[in-house]
file coords36.cif (mmCIF, C-alpha atoms and all ligand atoms)
data_model
#
loop_
_atom_site.label_atom_id
_atom_site.label_comp_id
_atom_site.auth_asym_id
_atom_site.auth_seq_id
_atom_site.Cartn_x
_atom_site.Cartn_y
_atom_site.Cartn_z
CA MET A 526 -16.83 -23.39 -6.81
CA GLU A 527 -16.63 -26.88 -5.33
CA TYR A 528 -13.77 -27.66 -7.72
CA ILE A 529 -11.84 -24.56 -6.53
CA VAL A 530 -12.34 -25.52 -2.84
CA THR A 531 -11.26 -29.13 -3.53
CA SER A 532 -8.18 -27.92 -5.44
CA ILE A 533 -7.16 -25.47 -2.67
CA ASN A 534 -7.64 -28.22 -0.05
CA GLY A 535 -5.60 -30.67 -2.08
CA LEU A 536 -2.85 -28.08 -2.51
CA LEU A 537 -2.82 -27.15 1.21
CA ASN A 538 -2.81 -30.82 2.30
CA PHE A 539 0.13 -31.55 0.00
CA TRP A 540 1.93 -28.37 1.07
CA VAL A 541 1.83 -29.12 4.82
CA ASP A 542 3.11 -32.70 4.38
CA THR A 543 5.78 -32.25 1.74
CA ALA A 544 9.51 -31.52 2.30
CA TRP A 545 10.27 -27.94 3.33
CA TYR A 546 12.16 -27.10 0.15
CA ILE A 547 9.24 -28.25 -2.05
CA ALA A 548 6.87 -26.21 0.16
CA LEU A 549 9.22 -23.22 -0.21
CA ALA A 550 9.30 -23.58 -4.01
CA MET A 551 5.48 -23.90 -4.18
CA SER A 552 4.98 -20.88 -1.96
CA ALA A 553 7.46 -18.79 -3.97
CA LEU A 554 5.66 -19.75 -7.18
CA VAL A 555 2.20 -18.81 -5.83
CA ASN A 556 3.46 -15.46 -4.45
CA LEU A 557 5.26 -14.58 -7.70
CA LEU A 558 2.26 -15.65 -9.80
CA VAL A 559 -0.20 -13.56 -7.75
CA PHE A 560 2.17 -10.55 -7.69
CA PHE A 561 2.93 -10.49 -11.41
CA THR A 562 -0.63 -11.35 -12.55
CA ALA A 563 -2.36 -8.86 -10.24
CA ALA A 564 0.11 -5.99 -10.78
CA TYR A 565 0.06 -6.49 -14.57
CA SER A 566 -3.77 -6.63 -14.62
CA VAL A 567 -4.27 -3.57 -12.39
CA ASP A 568 -1.66 -1.63 -14.38
CA LYS A 569 -3.34 -2.43 -17.73
CA LEU A 570 -6.88 -1.96 -16.36
CA SER A 571 -6.19 1.51 -14.94
CA LEU A 572 -4.63 2.57 -18.26
CA TRP A 573 -7.67 1.19 -20.11
CA PHE A 574 -10.13 2.88 -17.73
CA SER A 575 -8.45 6.28 -18.14
CA LYS A 576 -7.72 6.13 -21.90
CA GLU A 577 -10.57 4.10 -23.40
CA LEU A 578 -13.47 4.36 -20.98
CA LYS A 579 -12.55 7.83 -19.72
CA SER A 580 -14.14 6.82 -16.41
CA GLY A 581 -11.50 8.34 -14.21
CA ALA A 582 -7.90 9.52 -14.10
CA TYR A 583 -4.54 9.06 -12.45
CA ILE A 584 -4.25 10.92 -9.14
CA ASP A 585 -0.59 11.91 -9.51
CA THR A 586 0.24 12.74 -13.13
CA ARG A 587 3.95 13.44 -12.75
CA PRO A 588 6.11 11.28 -15.02
CA LEU A 589 7.47 8.03 -13.61
CA LYS A 590 11.18 7.85 -12.77
CA ALA A 591 13.55 6.22 -15.26
CA ASN A 592 13.16 2.42 -15.20
CA GLN A 593 10.75 2.76 -12.26
CA LYS A 594 8.61 -0.27 -13.04
CA GLN A 595 11.64 -2.52 -13.69
CA ARG A 596 13.14 -1.57 -10.32
CA GLU A 597 9.78 -2.12 -8.58
CA MET A 598 9.41 -5.54 -10.22
CA LYS A 599 12.87 -6.57 -9.04
CA TYR A 600 12.22 -5.60 -5.40
CA GLY A 601 8.70 -7.09 -5.64
CA ALA A 602 10.09 -10.45 -6.79
CA ILE A 603 12.60 -10.48 -3.87
CA SER A 604 9.73 -9.68 -1.45
CA CYS A 605 7.74 -12.64 -2.83
CA LEU A 606 10.68 -14.95 -2.06
CA ILE A 607 10.86 -13.57 1.50
CA PHE A 608 7.08 -14.11 1.91
CA ALA A 609 7.67 -17.72 0.82
CA VAL A 610 10.28 -18.19 3.57
CA GLY A 611 7.82 -16.65 6.08
CA SER A 612 5.13 -19.10 4.99
CA LEU A 613 7.29 -22.02 6.18
CA PHE A 614 6.73 -20.79 9.76
CA THR A 615 2.96 -20.88 9.24
CA ARG A 616 3.34 -24.60 8.40
CA GLU A 617 4.59 -25.13 11.94
CA LEU A 618 2.11 -22.84 13.68
CA TYR A 619 -1.32 -23.24 12.03
CA SER A 620 -4.19 -24.61 14.14
CA ASP A 621 -6.09 -26.59 11.47
CA LEU A 622 -6.71 -26.52 7.73
CA TRP A 623 -10.07 -24.67 7.97
CA PRO A 624 -12.19 -23.46 10.93
CA ASN A 625 -14.74 -26.12 11.98
CA THR A 626 -17.70 -23.69 12.12
CA VAL A 627 -18.82 -20.58 10.23
CA PHE A 628 -18.64 -18.66 13.52
CA ASN A 629 -14.97 -19.63 13.95
CA PHE A 630 -14.27 -18.62 10.36
CA VAL A 631 -15.80 -15.15 10.84
CA TRP A 632 -14.12 -14.80 14.25
CA GLN A 633 -10.66 -15.64 12.85
CA VAL A 634 -11.05 -13.24 9.90
CA LEU A 635 -12.22 -10.47 12.24
CA VAL A 636 -9.49 -10.89 14.89
CA PHE A 637 -6.74 -11.25 12.28
CA SER A 638 -7.96 -8.15 10.39
CA VAL A 639 -7.91 -6.00 13.55
CA TYR A 640 -4.48 -7.41 14.46
CA TYR A 641 -3.03 -6.80 10.98
CA GLU A 642 -4.40 -3.26 10.80
CA THR A 643 -2.72 -2.51 14.14
CA TYR A 644 0.50 -4.36 13.28
CA SER A 645 0.90 -2.69 9.89
CA TYR A 646 0.09 0.80 11.24
CA PHE A 647 2.72 0.67 14.01
CA VAL A 648 5.33 -1.14 11.91
CA HIS A 649 4.80 1.51 9.22
CA ARG A 650 5.31 4.27 11.80
CA LEU A 651 8.43 2.49 13.02
CA LEU A 652 9.70 2.45 9.43
CA HIS A 653 9.34 6.24 9.37
CA THR A 654 11.64 6.68 12.38
CA LYS A 655 15.31 7.73 12.09
CA HIS A 656 16.78 4.22 12.42
CA PHE A 657 14.44 2.46 10.00
CA SER A 658 13.80 5.15 7.38
CA LYS A 659 16.81 4.01 5.33
CA TYR A 660 15.02 0.68 4.75
CA HIS A 661 11.62 2.25 4.05
CA ALA A 662 13.28 4.63 1.55
CA VAL A 663 13.15 1.81 -1.01
CA HIS A 664 9.32 1.94 -0.94
CA HIS A 665 9.19 5.75 -0.88
CA TRP A 666 11.55 5.99 -3.85
CA SER A 667 8.29 5.53 -5.78
CA VAL A 668 6.63 8.95 -5.40
CA ARG A 669 4.04 8.55 -8.11
CA VAL A 670 3.09 4.95 -7.37
CA THR A 671 2.27 2.15 -9.79
CA PRO A 672 0.73 -1.26 -8.97
CA TRP A 673 4.30 -2.62 -9.08
CA SER A 674 5.26 -0.30 -6.18
CA ALA A 675 3.15 -2.41 -3.79
CA TYR A 676 5.97 -4.75 -2.78
CA SER A 677 8.88 -2.62 -3.88
CA VAL A 678 10.29 -2.69 -0.36
CA HIS A 679 13.68 -3.36 1.28
CA PRO A 680 14.17 -7.02 2.36
CA VAL A 681 14.00 -5.81 6.01
CA GLU A 682 10.51 -4.41 5.39
CA ALA A 683 9.50 -7.53 3.45
CA THR A 684 10.62 -9.62 6.45
CA LEU A 685 8.47 -7.49 8.79
CA ILE A 686 5.48 -8.22 6.52
CA ALA A 687 6.39 -11.92 6.24
CA ILE A 688 6.50 -12.49 10.01
CA SER A 689 3.14 -10.80 10.71
CA ALA A 690 1.05 -13.98 10.29
CA PRO A 691 3.52 -16.31 12.11
CA ILE A 692 3.56 -13.86 15.10
CA PHE A 693 -0.25 -13.90 15.18
CA MET A 694 -0.38 -17.70 14.88
CA ALA A 695 1.99 -18.08 17.83
CA ILE A 696 -0.57 -16.34 20.06
CA PHE A 697 -3.96 -17.00 18.47
CA PRO A 698 -5.31 -20.10 16.64
CA LEU A 699 -5.50 -19.40 12.91
CA SER A 700 -6.43 -21.88 10.20
CA LEU A 701 -4.02 -22.31 7.32
CA GLY A 702 -6.80 -21.85 4.73
CA VAL A 703 -7.86 -18.53 6.30
CA ALA A 704 -4.24 -17.32 6.42
CA PHE A 705 -3.76 -18.34 2.76
CA VAL A 706 -6.94 -16.64 1.48
CA LEU A 707 -6.30 -13.46 3.52
CA HIS A 708 -2.71 -13.29 2.26
CA ILE A 709 -3.79 -13.52 -1.39
CA MET A 710 -6.57 -10.95 -0.84
CA GLY A 711 -4.11 -8.71 1.02
CA MET A 712 -1.68 -8.86 -1.92
CA VAL A 713 -4.37 -7.96 -4.46
CA PHE A 714 -5.62 -5.14 -2.20
CA THR A 715 -2.10 -3.72 -1.67
CA ILE A 716 -1.46 -3.79 -5.42
CA THR A 717 -4.78 -2.01 -6.12
CA LEU A 718 -3.98 0.50 -3.35
CA HIS A 719 -0.91 1.50 -5.38
CA SER A 720 -2.80 1.95 -8.66
CA ASN A 721 -2.75 5.77 -8.31
CA TYR A 722 -6.14 5.65 -10.00
CA GLN A 723 -9.30 7.52 -9.16
CA PHE A 724 -12.69 6.60 -10.62
CA ALA A 725 -14.78 9.56 -11.86
CA ASN A 726 -17.71 8.52 -9.64
CA GLY A 727 -15.42 8.30 -6.62
CA ARG A 728 -16.10 4.58 -6.06
CA PHE A 729 -13.22 2.81 -4.25
CA SER A 730 -11.02 5.84 -4.96
CA GLY A 731 -10.69 6.85 -1.29
CA TYR A 732 -8.18 4.05 -0.65
CA MET A 733 -5.99 4.90 -3.64
CA LEU A 734 -5.99 8.64 -2.93
CA TYR A 735 -5.25 7.94 0.74
CA HIS A 736 -2.14 5.93 -0.01
CA GLN A 737 -0.96 8.10 -2.92
CA LEU A 738 -1.02 11.00 -0.41
CA HIS A 739 1.23 8.95 1.89
CA HIS A 740 3.76 8.65 -0.94
CA SER A 741 3.53 12.32 -1.97
CA ARG A 742 3.39 13.88 1.52
CA GLY A 743 5.40 11.49 3.71
CA SER A 744 4.45 10.96 7.35
CA VAL A 745 0.64 10.87 7.00
CA ASN A 746 -1.92 8.11 6.24
CA PHE A 747 -0.04 5.10 7.59
CA GLY A 748 -3.12 2.86 7.64
CA PHE A 749 -3.69 -0.22 5.50
CA VAL A 750 -7.46 -0.84 4.99
CA ASN A 751 -9.06 1.01 7.86
CA LYS A 752 -8.33 4.57 8.89
CA TYR A 753 -9.06 4.24 12.63
CA TRP A 754 -5.45 4.38 13.85
CA ASP A 755 -4.75 7.41 11.61
CA THR A 756 -7.88 9.13 12.93
CA LEU A 757 -7.11 8.28 16.57
CA LEU A 758 -3.45 9.33 16.40
CA LYS A 759 -4.10 12.35 14.16
CA THR A 760 -2.00 11.20 11.21
CA LYS A 761 -4.91 11.28 8.76
CA ARG A 762 -4.87 13.71 5.81
CA CYS A 763 -7.43 13.88 3.02
CA SER A 764 -5.67 16.33 0.69
ZN ZN A 801 5.70 4.99 4.39
ZN ZN A 802 2.99 2.38 -0.57
#

call {"tool": "encode", "arguments": {"input": "coords36.cif", "output": "structure tokens", "more": "lines below"}}
Ligand SMILES: [Zn+2]
Ligand SMILES: [Zn+2]
result
Amino acid sequence: MEYIVTSINGLLNFWVDTAWYIALAMSALVNLLVFFTAAYSVDKLSLWFSKELKSGAYIDTRPLKANQKQREMKYGAISCLIFAVGSLFTRELYSDLWPNTVFNFVWQVLVFSVYYETYSYFVHRLLHTKHFSKYHAVHHWSVRVTPWSAYSVHPVEATLIAISAPIFMAIFPLSLGVAFVLHIMGMVFTITLHSNYQFANGRFSGYMLYHQLHHSRGSVNFGFVNKYWDTLLKTKRCS
């Protein structure tokens, strides 16, 4: 554990001091590595769970579109590059490497989570309006989702995701380490959210079903992790 923390610190220290183009290349590499590793793992794991362990099943069983995963991978890779550009702004705006107390750590995670839930809900609703739906159509092209669908979004939508942390950092102090960890966790969560997989015992399945319903039904279930905005604004559907 100590080795992991030391390595992350070393990496972050190097990243903030190095030339912007090296920082950009590093960031692109990390985003691509997390995207391809996590999507590949979740894809294989859900297949293994359903076929070998028989511990659950796919929610939507319609066949995938022709070359669906290849197209999703291509858009996903472009999104990772846009996230890398966005990360350069966090280099300019971060408050410190890590919060100086546990309280500050918890406080930053909490405030950022509430902010991101709100930001993503309203940006998602904006993407469903007349003027923006042509961009969001790239993501909704995937009706039966796969883990690769997670970042299969138009560059405009990827930019809206990429600027979410820099906008927050311009108003509220956020440590670079917290932003980094939350971004990686957010990527893994988004990929899992698009697994279209439901465990037989119902564990964790609520999230996947919730988002698969967004893809199959359209303008419902806009939320990311929490459902409070969907509940409050009556956009929540459970079937
Ligand atoms: Zn949508
Ligand atoms: Zn989606």

call {"tool": "residues_near_point", "arguments": {"input": "coords36.cif", "point": "(6.2, -16.4, 8.0)", "cutoff": "10 Å", "atoms": "all atoms listed in the file", "output": "list in words"}}
result
Ile607, Phe608, Ala609, Val610, Gly611, Ser612, Leu613, Phe614, Thr615, Arg616, Glu617, Leu618, Thr684, Leu685, Ile686, Ala687, Ile688, Ser689, Ala690, Pro691, Ile692, Phe693 and Met694 of chain A

call {"tool": "closest_residue", "arguments": {"input": "coords36.cif", "among": "A:Ser620, A:Ser571, A:Ser741, A:Ser764", "to": "ligand ZN 801 (chain A)", "atoms": "only C-alpha atoms and all ligand atoms"}}
result
A:Ser741

call {"tool": "residues_around", "arguments": {"input": "coords36.cif", "residues": "Tyr600 of chain A", "least_positions_apart": "5", "cutoff": "9 Å", "atoms": "only C-alpha atoms", "output": "PyMOL selection string"}}
result
chain A and resi 595+605+663+674+676-680

call {"tool": "atom_distance", "arguments": {"input": "coords36.cif", "atom1": "atom CA of Asp755 of chain A", "atom2": "atom CA of Ser638 of chain A"}}
result
15.9 Å

call {"tool": "closest_atom_pairs", "arguments": {"input": "coords36.cif", "of": "chain A", "to": "ligand ZN 802 (chain A)", "cutoff": "8 Å", "atoms": "all atoms listed in the file", "output": "tab-separated table"}}
result
residue	atom	partner	partner_atom	distance
A:His664	CA	A:ZN802	ZN	6.4
A:His665	CA	A:ZN802	ZN	7.1
A:Val670	CA	A:ZN802	ZN	7.3
A:Ser674	CA	A:ZN802	ZN	6.6
A:Ala675	CA	A:ZN802	ZN	5.8
A:Leu718	CA	A:ZN802	ZN	7.7
A:His719	CA	A:ZN802	ZN	6.3
A:His736	CA	A:ZN802	ZN	6.3
A:Gln737	CA	A:ZN802	ZN	7.3
A:His739	CA	A:ZN802	ZN	7.2
A:His740	CA	A:ZN802	ZN	6.3

call {"tool": "residues_near_ligand", "arguments": {"input": "coords36.cif", "ligand": "ligand ZN 801 (chain A)", "cutoff": "9 Å", "atoms": "only C-alpha atoms and all ligand atoms", "output": "list of chain:residue names"}}
result
A:His649, A:Arg650, A:Leu652, A:His653, A:Ser658, A:His661, A:Ala662, A:His664, A:His665, A:His739, A:His740, A:Gly743, A:Ser744, A:Val745, A:Asn746, A:Phe747

call {"tool": "residues_around", "arguments": {"input": "coords36.cif", "residues": "Leu757 of chain A", "least_positions_apart": "5", "cutoff": "12 Å", "atoms": "all atoms listed in the file", "output": "list in words"}}
result
Thr643, Tyr646, Asn746, Phe747, Gly748, Asn751 and Lys752 of chain A

call {"tool": "closest_residue", "arguments": {"input": "coords36.cif", "among": "A:Ile529, A:Ser604, A:Glu577, A:Lys594", "to": "Ala553 of chain A", "atoms": "all atoms listed in the file"}}
result
A:Ser604

call {"tool": "atom_distance", "arguments": {"input": "coords36.cif", "atom1": "atom CA of Tyr753 of chain A", "atom2": "atom CA of Val639 of chain A"}}
result
10.3 Å

call {"tool": "closest_residue", "arguments": {"input": "coords36.cif", "among": "A:Thr671, A:Ser720, A:Ser645, A:Ser532", "to": "Leu589 of chain A", "atoms": "only C-alpha atoms"}}
result
A:Thr671

call {"tool": "atom_distance", "arguments": {"input": "coords36.cif", "atom1": "atom CA of Trp623 of chain A", "atom2": "atom CA of Ala704 of chain A"}}
result
9.5 Å

call {"tool": "closest_residue", "arguments": {"input": "coords36.cif", "among": "A:Leu557, A:Val648, A:Val541, A:Leu536", "to": "Ile709 of chain A", "atoms": "only C-alpha atoms"}}
result
A:Leu557

call {"tool": "closest_residue", "arguments": {"input": "coords36.cif", "among": "A:Leu651, A:Ile716, A:Ala544, A:Leu635", "to": "Ala563 of chain A", "atoms": "all atoms listed in the file"}}
result
A:Ile716

call {"tool": "closest_residue", "arguments": {"input": "coords36.cif", "among": "A:Ser700, A:Glu527, A:Tyr722, A:Trp754", "to": "Trp573 of chain A", "atoms": "all atoms listed in the file"}}
result
A:Tyr722

call {"tool": "closest_atom_pairs", "arguments": {"input": "coords36.cif", "of": "segment 644-745 of chain A", "to": "segment 625-631 of chain A", "cutoff": "10 Å", "atoms": "all atoms listed in the file", "output": "Markdown table"}}
result
| residue | atom | partner | partner_atom | distance |
| --- | --- | --- | --- | --- |
| A:Leu699 | CA | A:Phe630 | CA | 9.2 |
| A:Ser700 | CA | A:Phe630 | CA | 8.5 |
| A:Gly702 | CA | A:Phe630 | CA | 9.9 |
| A:Val703 | CA | A:Phe630 | CA | 7.6 |

call {"tool": "build_atoms", "arguments": {"input": "coords36.cif", "residues": "segment 732-748 of chain A", "atoms": "N, CA and C atoms", "output": "JSON list (two decimals), keeping the file's coordinate frame"}}
result
[["chain", "number", "residue", "atom", "x", "y", "z"],
["A", 732, "TYR", "N", -9.36, 4.83, -1.06],
["A", 732, "TYR", "CA", -8.18, 4.05, -0.65],
["A", 732, "TYR", "C", -6.94, 4.46, -1.44],
["A", 733, "MET", "N", -7.13, 4.60, -2.78],
["A", 733, "MET", "CA", -5.99, 4.90, -3.64],
["A", 733, "MET", "C", -5.45, 6.31, -3.36],
["A", 734, "LEU", "N", -6.39, 7.26, -3.21],
["A", 734, "LEU", "CA", -5.99, 8.64, -2.93],
["A", 734, "LEU", "C", -5.26, 8.69, -1.58],
["A", 735, "TYR", "N", -5.80, 7.97, -0.61],
["A", 735, "TYR", "CA", -5.25, 7.94, 0.74],
["A", 735, "TYR", "C", -3.78, 7.51, 0.73],
["A", 736, "HIS", "N", -3.51, 6.45, -0.01],
["A", 736, "HIS", "CA", -2.14, 5.93, -0.01],
["A", 736, "HIS", "C", -1.22, 6.72, -0.94],
["A", 737, "GLN", "N", -1.79, 7.25, -2.04],
["A", 737, "GLN", "CA", -0.96, 8.10, -2.92],
["A", 737, "GLN", "C", -0.50, 9.33, -2.12],
["A", 738, "LEU", "N", -1.38, 9.85, -1.25],
["A", 738, "LEU", "CA", -1.02, 11.00, -0.41],
["A", 738, "LEU", "C", 0.11, 10.64, 0.55],
["A", 739, "HIS", "N", 0.13, 9.39, 1.01],
["A", 739, "HIS", "CA", 1.23, 8.95, 1.89],
["A", 739, "HIS", "C", 2.55, 9.04, 1.13],
["A", 740, "HIS", "N", 2.53, 8.61, -0.14],
["A", 740, "HIS", "CA", 3.76, 8.65, -0.94],
["A", 740, "HIS", "C", 4.15, 10.08, -1.32],
["A", 741, "SER", "N", 3.16, 10.96, -1.58],
["A", 741, "SER", "CA", 3.53, 12.32, -1.97],
["A", 741, "SER", "C", 3.86, 13.21, -0.78],
["A", 742, "ARG", "N", 3.20, 12.96, 0.39],
["A", 742, "ARG", "CA", 3.39, 13.88, 1.52],
["A", 742, "ARG", "C", 4.30, 13.34, 2.63],
["A", 743, "GLY", "N", 4.51, 12.03, 2.67],
["A", 743, "GLY", "CA", 5.40, 11.49, 3.71],
["A", 743, "GLY", "C", 4.66, 10.96, 4.91],
["A", 744, "SER", "N", 4.92, 11.55, 6.09],
["A", 744, "SER", "CA", 4.45, 10.96, 7.35],
["A", 744, "SER", "C", 2.96, 11.18, 7.67],
["A", 745, "VAL", "N", 2.09, 10.82, 6.76],
["A", 745, "VAL", "CA", 0.64, 10.87, 7.00],
["A", 745, "VAL", "C", 0.03, 9.60, 6.38],
["A", 746, "ASN", "N", -1.19, 9.26, 6.80],
["A", 746, "ASN", "CA", -1.92, 8.11, 6.24],
["A", 746, "ASN", "C", -1.11, 6.81, 6.25],
["A", 747, "PHE", "N", -0.83, 6.33, 7.46],
["A", 747, "PHE", "CA", -0.04, 5.10, 7.59],
["A", 747, "PHE", "C", -0.89, 3.83, 7.48],
["A", 748, "GLY", "N", -2.22, 4.01, 7.56],
["A", 748, "GLY", "CA", -3.12, 2.86, 7.64],
["A", 748, "GLY", "C", -3.11, 1.97, 6.42]]
